[in-house]
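Accompanying notes for the structure given below.
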There are 2 protein chains.
Amino acid sequence: MEEKAKRVIKTRLEDLAREANVSKATVSLALNGNPKVAAKTVELITKLAAEHNYTPNSFARRLSKRTSETVSLFMMGKATEYSGWLIPSSWLFYNPIFKGVSLTLSEKHYQFSFEFIDLDGKKRENNIISHAQSSSADGLLILIIDESDYSFLESLDAFLPIITINKKLSDTLSSFEIDNYKGTFDVVNYLATLGHRKIAHIGGPFRAYNAVDRFNGYVASLKEIGVTFREDYVVEGDWNIESGKDGMKTLLNLSEPPTAVFCANDHMAIGAMEAVEEAGLTIPRDISLIGYDDTEMSRVVRPKLTSVSQPLEKLGRMATNEILGRITARSAPDSKKHVVLPPLLVKRESCCEPSR
Amino acid sequence: MEEKAKRVIKTRLEDLAREANVSKATVSLALNGNPKVAAKTVELITKLAAEHNYTPNSFARRLSKRTSETVSLFMMGKATEYSGWLIPSSWLFYNPIFKGVSLTLSEKHYQFSFEFIDLDGKKRENNIISHAQSSSADGLLILIIDESDYSFLESLDAFLPIITINKKLSDTLSSFEIDNYKGTFDVVNYLATLGHRKIAHIGGPFRAYNAVDRFNGYVASLKEIGVTFREDYVVEGDWNIESGKDGMKTLLNLSEPPTAVFCANDHMAIGAMEAVEEAGLTIPRDISLIGYDDTEMSRVVRPKLTSVSQPLEKLGRMATNEILGRITARSAPDSKKHVVLPPLLVKRESCCEPSR
DNA sequence: GTGAAAGCGCTAACAA
DNA sequence: TTGTTAGCGCTTTCAC
């Protein structure tokens, strides 16, 4: 193999044109399904294209059409240790979304680009804009994790379709999320039905929207079932197993420990289990326990963990379809869409009536 | 906001040129660090570029330079139910690789494109070639999962740098993998040291390379410790929890059941645990158990599962760095690289001396 | 040290 | 129905 031959020689539009004895324009039109081209010309060209395994140079096409046929998924969060993409414990949460987005995009022959954007970085605004520019996406899917000032997104949306996932930021920015309130209400209500009144909460880090929403949901649900909120029944974790364990220890040391605890994710619930175990107590007899996310782990621990399952892949697919629609519509829709999908309480073995 | 203003107006090279009172060529050279440009010209242009938040149109540049600054990660497998990308139980295995690749690429300002390639599809060869073309990658990282005929990759490598991950296909194709033989030997040897002779194996689906390698490693290690191989001590699973459970049931029903079983991944090991539990036996007293992959779940089950940890993220990073080197070298290296990284046996609570 | 000009491969008016 | 032509925004000789 000669050194010179190292580059793959791709057939170009021009090659096909020469061979078919037509112009480049005709080939282009034919291949793009323009109805004005004669049927037999189309046939010939298609045949030729197939023979030569022709694929258009996507850069040339995009340069010319001034679109990128790309949508970017930006994951906005603080690049601290706990941030989703960086630690395994959150993969089970992000992966389904990721999968939904990437599969949908590839079905529609769109490129998918993924970027983690660090909110701690200075000039966050410029950061996301330059990311958007360099990925030259036709649309942005923004996965909102942490609380922050996202107001600049609204003006960006005027130029570039934007949809937020996991959190509705404002009326003017379309969003797709899962109903944390319903999820938490189902949890608290289930516990109440079982007879629990002393229901504690181990939350995620309160700079994360999901953590805050689930906490708020917990508080609201408590009110709904007529139980007064106790500050000492709430502890803040960091999504990880260890923090759940610590949280449960704190709760167990209370003069009046809870009979049930609701954790904002499965990992912390599993840590909590360990603490209960180490304290010589058993679940659910002494403490009822509920997690969130319905990860595989919840089915694997003993007792099996009651949890809340979320249609995450569907969320990703729906958001992707919406952004694709916005891109092809090429104008702002009359009204912004705000979709909230319901989660589902999955009852397993970690809850029962209170014994005290 | 006018409808017309919908498109983001990016500053172009030309805009900077006009403002700096130089030609497009100069701006281009200056921005690309060409030493022939006068220092003060460079300074001016850089300042202007920063002010205008200039990023080059990547499509124009790529079209002109005839490179894509993209590397693709192709995941080659059968798109049946169990295929990695499609089921959660394998995410814990693929994610670290994925993460290593994508992070390294983004550090080097390369684009990352990801594609799942279905080996069941007809015209597999064309399939991957057209995928490679349409992603127009400068290099290919190929994650090999299932056994298949990959010989066509070698000729492709002459045009486009290719590196396989997870499996060495041939001498002429660089590869990065983790030593399944060492991993399995450490497992079997550990069990032998404990005094076990009746060591069974629950394998993955035998069309998967990892499953085959771990099985072969098991057989070879048995020989090494002087134990004769028994066919009835091997059962084939499908990586999932349920299949591990079924496998263990089969093993338990043997007239002479094993005292230890080595599972080709953690999920199956956890299924096996369930079967042991249901049979009224306990781990490790009645049966010693070892998994593979060292997923989080292994730390979460009771007893904690002994497993084999693999430097997957590092594997992804190394492979990426190598392909980047190959791309910039722009010629084949003298010799192909074959890197095999060692795994590590992580001892936990699921093994002890045999009681029988 | 800088500029003019050609060209990367494709699309899209506008003509013919 | 098909061809001509002019870009898209950047890089890169080759003159000056």
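By order of appearance in the structure tokens: chains A, B, ..., then residues from 1 within every chain, and ligands from 1 in the order shown.
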Residue list for chain D near chain B as number ranges by chain, 7 Å, only C-alpha atoms (C1' of nucleotides): D: 9-11
If you keep N, CA and C atoms (P, O5', C5', C4', C3', O3' and C1' of nucleotides), can you produce a file of those selected residues as a short mmCIF file (atom, residue, chain, number, x, y, z; two decimals), in the first residue's frame?
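Writing done, so here's again_12.cif:
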```cif
data_model
loop_
_atom_site.label_atom_id
_atom_site.label_comp_id
_atom_site.auth_asym_id
_atom_site.auth_seq_id
_atom_site.Cartn_x
_atom_site.Cartn_y
_atom_site.Cartn_z
P DG D 9 -21.11 32.02 5.53
"O5'" DG D 9 -19.68 31.57 6.02
"C5'" DG D 9 -19.57 30.48 6.92
"C4'" DG D 9 -18.13 30.02 6.95
"C3'" DG D 9 -17.11 31.11 7.30
"O3'" DG D 9 -16.29 30.58 8.32
"C1'" DG D 9 -16.46 29.97 5.37
P DC D 10 -15.09 31.34 8.97
"O5'" DC D 10 -13.89 30.45 8.44
"C5'" DC D 10 -13.78 29.12 8.90
"C4'" DC D 10 -12.90 28.33 7.96
"C3'" DC D 10 -11.43 28.71 8.01
"O3'" DC D 10 -10.73 27.72 8.75
"C1'" DC D 10 -12.21 28.36 5.77
P DT D 11 -9.18 27.96 9.06
"O5'" DT D 11 -8.52 27.35 7.74
"C5'" DT D 11 -8.55 25.94 7.55
"C4'" DT D 11 -7.80 25.60 6.28
"C3'" DT D 11 -6.29 25.82 6.34
"O3'" DT D 11 -5.71 24.66 5.76
"C1'" DT D 11 -7.18 26.93 4.47
#
```
Which parts of region 34-206 of chain A does DSSP call strand (DSSP E) when run on the backbone here, written out as a PyMOL selection string? chain A and resi 70-77+111-118+139-144+162-165+175-178+199-203
For the residues in the current selection, export C-alpha atoms as a PDB file, in the first residue's frame.
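For reference, selection35.pdb as written:
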```pdb
ATOM      1  CA  THR A  70     -26.848  17.977  14.942  1.00  0.00           C
ATOM      2  CA  VAL A  71     -28.478  18.309  18.289  1.00  0.00           C
ATOM      3  CA  SER A  72     -26.422  18.711  21.388  1.00  0.00           C
ATOM      4  CA  LEU A  73     -27.219  17.384  24.785  1.00  0.00           C
ATOM      5  CA  PHE A  74     -25.686  19.618  27.386  1.00  0.00           C
ATOM      6  CA  MET A  75     -25.461  18.392  30.875  1.00  0.00           C
ATOM      7  CA  MET A  76     -25.343  21.392  33.148  1.00  0.00           C
ATOM      8  CA  GLY A  77     -24.042  20.765  36.613  1.00  0.00           C
ATOM      9  CA  GLN A 111     -25.916  13.740  14.749  1.00  0.00           C
ATOM     10  CA  PHE A 112     -25.691  13.621  18.476  1.00  0.00           C
ATOM     11  CA  SER A 113     -23.195  15.598  20.421  1.00  0.00           C
ATOM     12  CA  PHE A 114     -22.765  15.444  24.116  1.00  0.00           C
ATOM     13  CA  GLU A 115     -21.043  17.835  26.442  1.00  0.00           C
ATOM     14  CA  PHE A 116     -20.732  18.241  30.147  1.00  0.00           C
ATOM     15  CA  ILE A 117     -20.865  21.901  31.096  1.00  0.00           C
ATOM     16  CA  ASP A 118     -19.372  22.926  34.362  1.00  0.00           C
ATOM     17  CA  GLY A 139     -30.969  22.610  18.641  1.00  0.00           C
ATOM     18  CA  LEU A 140     -30.057  22.227  22.267  1.00  0.00           C
ATOM     19  CA  LEU A 141     -31.292  19.738  24.797  1.00  0.00           C
ATOM     20  CA  ILE A 142     -30.275  20.934  28.198  1.00  0.00           C
ATOM     21  CA  LEU A 143     -30.261  18.590  31.120  1.00  0.00           C
ATOM     22  CA  ILE A 144     -30.682  20.715  34.202  1.00  0.00           C
ATOM     23  CA  ILE A 162     -33.770  24.987  23.322  1.00  0.00           C
ATOM     24  CA  ILE A 163     -35.552  22.464  25.444  1.00  0.00           C
ATOM     25  CA  THR A 164     -34.769  21.758  29.051  1.00  0.00           C
ATOM     26  CA  ILE A 165     -34.927  18.273  30.484  1.00  0.00           C
ATOM     27  CA  SER A 175     -39.415  21.559  29.232  1.00  0.00           C
ATOM     28  CA  PHE A 176     -39.758  17.844  29.811  1.00  0.00           C
ATOM     29  CA  GLU A 177     -39.630  16.495  33.301  1.00  0.00           C
ATOM     30  CA  ILE A 178     -40.910  13.852  35.641  1.00  0.00           C
ATOM     31  CA  ILE A 199     -41.808   9.900  58.503  1.00  0.00           C
ATOM     32  CA  ALA A 200     -38.295  11.211  58.012  1.00  0.00           C
ATOM     33  CA  HIS A 201     -36.493  12.220  54.832  1.00  0.00           C
ATOM     34  CA  ILE A 202     -32.934  11.785  53.659  1.00  0.00           C
ATOM     35  CA  GLY A 203     -32.579  14.235  50.805  1.00  0.00           C
TER      36      GLY A 203
END
```
When you look at Met268 (chain A) with a cut-off of 12 Å (counting only C-alpha atoms (C1' of nucleotides)), what residues show up, excluding the ones that are within fewer than 2 positions of it in the same chain? I need them as a PyMOL selection string. (chain A and resi 89-90+201-205+235-248+261-266+270-275+289-293+295+297-298+305+307) or (chain B and resi 300)
Could you pull out the residues in region 68-168 of chain A that DSSP calls helix (DSSP H, G or I) from the backbone, as a PyMOL selection string? chain A and resi 84-86+88-107+124-135+152-157
Determine, counting only C-alpha atoms (C1' of nucleotides), which protein, DNA and RNA residues have an atom within 9 Å of an atom of Thr11 (chain A); residues of the same chain fewer than 5 positions away are not included. Present the result as a PDB file with C-alpha atoms, in the first residue's frame.
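Okay, this is what ended up in result07.pdb:
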```
ATOM      1  CA  LEU A  16     -21.467  10.378 -10.362  1.00  0.00           C
ATOM      2  CA  ALA A  49     -24.759   5.945  -6.187  1.00  0.00           C
ATOM      3  CA  HIS A  52     -20.167   3.438  -5.677  1.00  0.00           C
ATOM      4  CA  ASN A  53     -21.322   3.369  -2.122  1.00  0.00           C
ATOM      5  CA  TYR A  54     -21.787   7.075  -2.330  1.00  0.00           C
ATOM      6  CA  THR A  55     -22.389   9.140   0.763  1.00  0.00           C
ATOM      7  CA  PRO A  56     -22.305  12.896   0.512  1.00  0.00           C
TER       8      PRO A  56
END
```
Would you please work out which residue, of B:Asn32, B:Asn166, B:Ser309, B:Ser106, is nearest to chain A when using only C-alpha atoms?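 Checking each of B:Asn32, B:Asn166, B:Ser309, B:Ser106 against chain A, counting only C-alpha atoms, the winner is B:Ser106.
Interface residues of chain B facing chain C, defined by any atom at most 7 Å away and using only C-alpha atoms (C1' of nucleotides), are Ser23, Thr26, Lys36, Val37, Ala38, Leu63 and Ser64 of chain B.
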Write a file of the selected residues as a short mmCIF file (atom, residue, chain, number, x, y, z; two decimals), in the first residue's frame, keeping N, CA and C atoms.
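Heads up, here's the output in again_32.cif:
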```cif
data_model
loop_
_atom_site.label_atom_id
_atom_site.label_comp_id
_atom_site.auth_asym_id
_atom_site.auth_seq_id
_atom_site.Cartn_x
_atom_site.Cartn_y
_atom_site.Cartn_z
N SER B 23 -6.07 40.84 5.37
CA SER B 23 -6.81 39.91 4.53
C SER B 23 -7.27 38.70 5.34
N THR B 26 -4.43 36.38 6.33
CA THR B 26 -3.65 36.78 7.50
C THR B 26 -4.34 36.39 8.80
N LYS B 36 5.04 33.27 10.89
CA LYS B 36 5.43 34.31 9.96
C LYS B 36 4.64 35.61 10.13
N VAL B 37 3.54 35.49 10.84
CA VAL B 37 2.72 36.69 11.03
C VAL B 37 3.35 37.58 12.10
N ALA B 38 3.36 38.89 11.83
CA ALA B 38 3.96 39.84 12.77
C ALA B 38 3.28 39.78 14.13
N LEU B 63 -14.05 20.97 5.84
CA LEU B 63 -14.15 20.78 4.39
C LEU B 63 -12.84 21.16 3.74
N SER B 64 -12.32 22.26 4.20
CA SER B 64 -11.09 22.75 3.61
C SER B 64 -9.88 21.90 3.97
#
```
Need the shell around Leu191 (chain A): protein/DNA/RNA residues with any atom at most 12 Å away, counting only C-alpha atoms (C1' of nucleotides). Skip same-chain ones fewer than 6 positions apart. Format as a list in words?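 Listing them by chain and then by number gives Thr184, Phe185, Arg197, Lys198, Ile199, Ala200, Tyr218, Ser221, Leu222, Ile225, Val227, Pro258, Thr259, Ala260, Val261, Phe262, Pro284, Ile287, Ser288, Leu289, Ile290, Thr306, Leu345, Lys347, Ser350, Cys351, Cys352, Glu353 and Pro354 of chain A.
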Among the residues B:Gly217, B:Gly195, B:Gly280, B:Pro303, the one that comes closest to chain A [using only C-alpha atoms]: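 Closest to chain A of all the choices is B:Pro303.
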So, with only C-alpha atoms as the atoms that count, which of A:Arg207, A:His196, A:Lys249, A:Lys99 lies closest to chain B?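 For chain B, the nearest of the candidates is A:Lys99.
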